[in-house]
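Student: Sharing a structure here in structure tokens format.
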Amino acid sequence: MNKYIQIIENNKELIFESMSNIYKIKIGDNDQRCCTSDNDYILKESFIKSDEHTILQKINHDSIIKYHNYIEHKKKYYLITEYFDGQNLKLFNFKDKKDEIIKIFNNLIKTIEYLHNNHIVHFDISRSNVLYDGKIIKLIDFNTSFCINNKTEFVNDNMFGRWQNIAPITLNEGNTGYFNDIWALGILLYNMTYNREPFHRRSYKFENIYYNKKYEKINKIIKYILGNYLEINISDLIIFLD
């Protein structure tokens with residue numbers, strides 16, 4: 001039996017439960033892909049097949065969780081990725097830490113630019129899917145990600161996630177594209193800044209968004225993103241921050 005399946009059936013430590021079961025595992029140096037003995041990895045056990053493993057195999061970026069292996073066994077799907085010793089952004093309090101927010105956001109924008117340059121839409125950018133160890137970030141969970149050929153091609157069967165993180169045009173018309181990640185970046189920036197959702201009920205009017213004068217630069221970026229997300233190029237946001 002495959003050694004990864006043995007690890008699962010031996011009931012190794014379960015560290016998180018969601019739509020998938022997430023295990024922290026160790027793989028010894030008899031695995032040719034390991035550079036040292038007893039490396040830590042994450043094993044994600046899913047009951048629904050996705051393209052996550054295919055997408056992760058195509059990319060290589062320091063701020064994206066790295067692919068290691070993939071297995072299908074008894075109608076279950078197992079993705080093995082690197083283990084990163086960080087926590088998701090929901091667990092951090094960034095109150096009065098404007099410079100740190102900008103640093104994280106700038107890094108994340110460059111990471112999303114890399115994905116878009118490789119014709120990939122993440123589609124689930126949120127505080128839960130960005131790990132942070134106080135220095136660097138790792139973008140995770142490509143379960144709903146998809147590839148597109150250009151910015152005008154839409155895929156309309158990928159409507160997942162919390163409604164605040166989904167662009168209005170997707171909720172209203174079903175169209176999806178690179179702009180979904182740009183909209184979600186604006187929502188994430190707001191969440192990090194104020195630790196709350198920006199919109200009340202299902203309204204996208206700016207008058208329903210709370211702003212604080214202490215975060216004038218961030219407020220300007222948020223308004224820019226949410227007001228122009230259909231036309232924004234990721235590179236524009238990098239220049240905006242710089």
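Naming works like this for the structure tokens: A, B, ... for the chains as they're shown, residue 1 at the start of each chain, ligands 1 onward in shown order.
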Report as a list in words all protein, DNA and RNA residues lying within 6 Å of segment 146-148 of chain A, evaluated on only C-alpha atoms, omitting residues in the same chain fewer than 3 positions from it.
Tutor: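 My reading of the contact set: His119, Ile120 and Val121 of chain A.
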Student: I need the residues in segment 45-212 of chain A that are strand (DSSP E or B) according to DSSP; give them as a list in words.
Tutor: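 Matching residues, listed in order: Glu45, Ser46, Ile64, Tyr67, His68, Asn69, Tyr70, Ile71, Glu72, His73, Lys76, Tyr77, Tyr78, Leu79, Ile80, Thr81, Glu82, Gln87, Asn88, Ile120, Val121, Val130, Leu131, Tyr132, Ile137, Lys138, Leu139, Phe146 and Cys147 of chain A.
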Student: Check which residues of segment 84-192 of chain A sit at most 12 Å from segment 211-215 of chain A using only C-alpha atoms, and return one row each with the closest pair of atoms and their distance in Å to one decimal, ordered by chain and rising number, as a Markdown table.
Tutor:
| residue | atom | partner | partner_atom | distance |
| --- | --- | --- | --- | --- |
| A:Phe94 | CA | A:Tyr215 | CA | 11.7 |
| A:Lys95 | CA | A:Tyr215 | CA | 10.3 |
| A:Asp96 | CA | A:Lys214 | CA | 8.1 |
| A:Lys97 | CA | A:Tyr215 | CA | 9.6 |
| A:Lys98 | CA | A:Tyr215 | CA | 6.9 |
| A:Asp99 | CA | A:Tyr215 | CA | 10.0 |
| A:Ile101 | CA | A:Tyr215 | CA | 10.3 |
| A:Ile102 | CA | A:Tyr215 | CA | 10.5 |
| A:Leu189 | CA | A:Tyr215 | CA | 11.2 |
| A:Tyr190 | CA | A:Tyr211 | CA | 9.3 |
| A:Asn191 | CA | A:Tyr211 | CA | 11.9 |
| A:Met192 | CA | A:Tyr215 | CA | 11.5 |
Student: Residues of the last selection are to be written out with N, CA and C atoms, as a compact mmCIF listing (two decimals), in the first residue's frame.
Tutor:
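Final output, saved to again08.txt:
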# COMPACT_ATOMS: atom_id res chain seq x y z
N PHE A 94 -3.79 43.52 13.43
CA PHE A 94 -2.97 44.52 12.76
C PHE A 94 -3.37 45.95 13.14
N LYS A 95 -4.08 46.10 14.26
CA LYS A 95 -4.49 47.43 14.69
C LYS A 95 -3.27 48.34 14.85
N ASP A 96 -3.36 49.52 14.23
CA ASP A 96 -2.29 50.53 14.29
C ASP A 96 -0.96 50.03 13.70
N LYS A 97 -1.03 49.03 12.81
CA LYS A 97 0.19 48.51 12.17
C LYS A 97 0.10 48.72 10.66
N LYS A 98 -0.08 49.97 10.27
CA LYS A 98 -0.29 50.29 8.86
C LYS A 98 0.88 49.83 7.99
N ASP A 99 2.11 50.04 8.45
CA ASP A 99 3.28 49.67 7.65
C ASP A 99 3.33 48.16 7.41
N ILE A 101 0.72 46.11 7.39
CA ILE A 101 -0.37 45.80 6.47
C ILE A 101 0.06 46.05 5.03
N ILE A 102 0.69 47.21 4.80
CA ILE A 102 1.13 47.56 3.46
C ILE A 102 2.18 46.57 2.97
N LEU A 189 -7.77 43.62 2.16
CA LEU A 189 -7.12 44.81 2.73
C LEU A 189 -8.01 45.45 3.78
N TYR A 190 -9.30 45.55 3.48
CA TYR A 190 -10.23 46.13 4.44
C TYR A 190 -10.31 45.25 5.70
N ASN A 191 -10.41 43.93 5.53
CA ASN A 191 -10.48 43.02 6.67
C ASN A 191 -9.27 43.16 7.58
N MET A 192 -8.08 43.25 6.97
CA MET A 192 -6.85 43.39 7.75
C MET A 192 -6.83 44.71 8.51
Student: Excluding same-chain residues fewer than 6 positions from Leu185 of chain A, what lies within 8 Å of it counting only C-alpha atoms, as a PyMOL selection string?
Tutor: chain A and resi 109+125-126+225
Student: Only N, CA and C atoms, please: the residues just picked out, written as a compact mmCIF listing (two decimals), in the first residue's frame.
Tutor:
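And here is the file that came out, result.txt:
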# COMPACT_ATOMS: atom_id res chain seq x y z
N ILE A 109 0.11 41.22 -3.57
CA ILE A 109 -0.17 41.71 -4.93
C ILE A 109 0.83 41.13 -5.93
N ILE A 125 -9.16 34.37 -2.51
CA ILE A 125 -8.22 35.15 -1.71
C ILE A 125 -8.94 35.69 -0.48
N SER A 126 -8.47 35.33 0.69
CA SER A 126 -9.07 35.80 1.94
C SER A 126 -8.03 35.66 3.05
N ILE A 225 -9.45 50.14 -5.51
CA ILE A 225 -9.68 48.74 -5.90
C ILE A 225 -11.17 48.46 -6.09
Student: Would you return as a PDB file with C-alpha atoms, in the first residue's frame the members of segment 61-198 of chain A that DSSP assigns to helix (DSSP H, G or I) on this structure's backbone?
Tutor:
ATOM      1  CA  LEU A  89      -4.148  36.318   8.760  1.00  0.00           C
ATOM      2  CA  LYS A  90      -7.425  36.065  10.703  1.00  0.00           C
ATOM      3  CA  LEU A  91      -5.391  35.224  13.800  1.00  0.00           C
ATOM      4  CA  LYS A  98      -0.286  50.294   8.858  1.00  0.00           C
ATOM      5  CA  ASP A  99       3.277  49.667   7.652  1.00  0.00           C
ATOM      6  CA  GLU A 100       2.983  45.928   8.278  1.00  0.00           C
ATOM      7  CA  ILE A 101      -0.375  45.799   6.473  1.00  0.00           C
ATOM      8  CA  ILE A 102       1.133  47.560   3.456  1.00  0.00           C
ATOM      9  CA  LYS A 103       4.136  45.207   3.459  1.00  0.00           C
ATOM     10  CA  ILE A 104       1.939  42.088   3.490  1.00  0.00           C
ATOM     11  CA  PHE A 105      -0.440  43.525   0.905  1.00  0.00           C
ATOM     12  CA  ASN A 106       2.400  44.528  -1.417  1.00  0.00           C
ATOM     13  CA  ASN A 107       3.842  41.018  -1.217  1.00  0.00           C
ATOM     14  CA  LEU A 108       0.434  39.484  -1.890  1.00  0.00           C
ATOM     15  CA  ILE A 109      -0.172  41.708  -4.926  1.00  0.00           C
ATOM     16  CA  LYS A 110       3.123  40.596  -6.470  1.00  0.00           C
ATOM     17  CA  THR A 111       2.157  36.979  -5.779  1.00  0.00           C
ATOM     18  CA  ILE A 112      -1.196  37.427  -7.532  1.00  0.00           C
ATOM     19  CA  GLU A 113       0.550  39.168 -10.428  1.00  0.00           C
ATOM     20  CA  TYR A 114       2.678  36.029 -10.822  1.00  0.00           C
ATOM     21  CA  LEU A 115      -0.463  33.868 -10.941  1.00  0.00           C
ATOM     22  CA  HIS A 116      -2.164  36.108 -13.483  1.00  0.00           C
ATOM     23  CA  ASN A 117       0.958  36.123 -15.654  1.00  0.00           C
ATOM     24  CA  ARG A 127      -7.395  36.094   5.324  1.00  0.00           C
ATOM     25  CA  SER A 128      -8.012  32.374   5.874  1.00  0.00           C
ATOM     26  CA  ASN A 129      -5.968  31.449   2.807  1.00  0.00           C
ATOM     27  CA  TRP A 163     -20.295  36.568  -0.898  1.00  0.00           C
ATOM     28  CA  GLN A 164     -18.284  39.588   0.313  1.00  0.00           C
ATOM     29  CA  ASN A 165     -15.186  38.148  -1.373  1.00  0.00           C
ATOM     30  CA  PRO A 168     -20.530  41.924  -7.776  1.00  0.00           C
ATOM     31  CA  ILE A 169     -20.479  41.075 -11.500  1.00  0.00           C
ATOM     32  CA  THR A 170     -19.910  37.424 -10.587  1.00  0.00           C
ATOM     33  CA  LEU A 171     -22.784  37.392  -8.106  1.00  0.00           C
ATOM     34  CA  ASN A 172     -25.092  39.210 -10.535  1.00  0.00           C
ATOM     35  CA  GLU A 173     -24.119  37.707 -13.886  1.00  0.00           C
ATOM     36  CA  PHE A 179     -10.891  40.811 -11.740  1.00  0.00           C
ATOM     37  CA  ASN A 180     -12.202  38.405  -9.075  1.00  0.00           C
ATOM     38  CA  ASP A 181      -8.770  38.326  -7.431  1.00  0.00           C
ATOM     39  CA  ILE A 182      -8.465  42.112  -7.608  1.00  0.00           C
ATOM     40  CA  TRP A 183     -11.857  42.596  -5.926  1.00  0.00           C
ATOM     41  CA  ALA A 184     -10.928  40.031  -3.246  1.00  0.00           C
ATOM     42  CA  LEU A 185      -7.651  41.880  -2.592  1.00  0.00           C
ATOM     43  CA  GLY A 186      -9.643  45.004  -1.748  1.00  0.00           C
ATOM     44  CA  ILE A 187     -11.860  43.049   0.641  1.00  0.00           C
ATOM     45  CA  LEU A 188      -8.814  41.430   2.269  1.00  0.00           C
ATOM     46  CA  LEU A 189      -7.123  44.805   2.733  1.00  0.00           C
ATOM     47  CA  TYR A 190     -10.233  46.126   4.441  1.00  0.00           C
ATOM     48  CA  ASN A 191     -10.479  43.020   6.672  1.00  0.00           C
ATOM     49  CA  MET A 192      -6.849  43.392   7.753  1.00  0.00           C
ATOM     50  CA  THR A 193      -7.255  47.106   8.454  1.00  0.00           C
ATOM     51  CA  TYR A 194     -10.520  47.068  10.425  1.00  0.00           C
TER      52      TYR A 194
END
Student: Within 7 Å of His68 of chain A, counting only C-alpha atoms, which residues show up once you throw out same-chain ones fewer than 5 positions away? Write them as a list of chain:residue names, please.
Tutor: A:Ile80, A:Thr81, A:Glu82
Student: Rank A:Leu230, A:Thr144, A:Asp124, A:Ser203 by their smallest atom-to-atom distance to Asn175 of chain A, using only C-alpha atoms, and report the top residue only.
Tutor: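 Smallest distance to Asn175 of chain A is found for A:Leu230.
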Student: Between A:Ile71, A:Leu226, A:Ile234, A:Val130, which has the minimum distance to Phe199 of chain A (counting only C-alpha atoms)?
Tutor: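 Smallest separation from Phe199 of chain A among the options: A:Leu226.
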Student: Name the closest residue to Ser63 of chain A among the candidates A:Ile25, A:Lys75, A:Asp40, A:Asp133; distances are taken between atoms, counting only C-alpha atoms.
Tutor: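 Nearest to Ser63 of chain A: A:Asp133.
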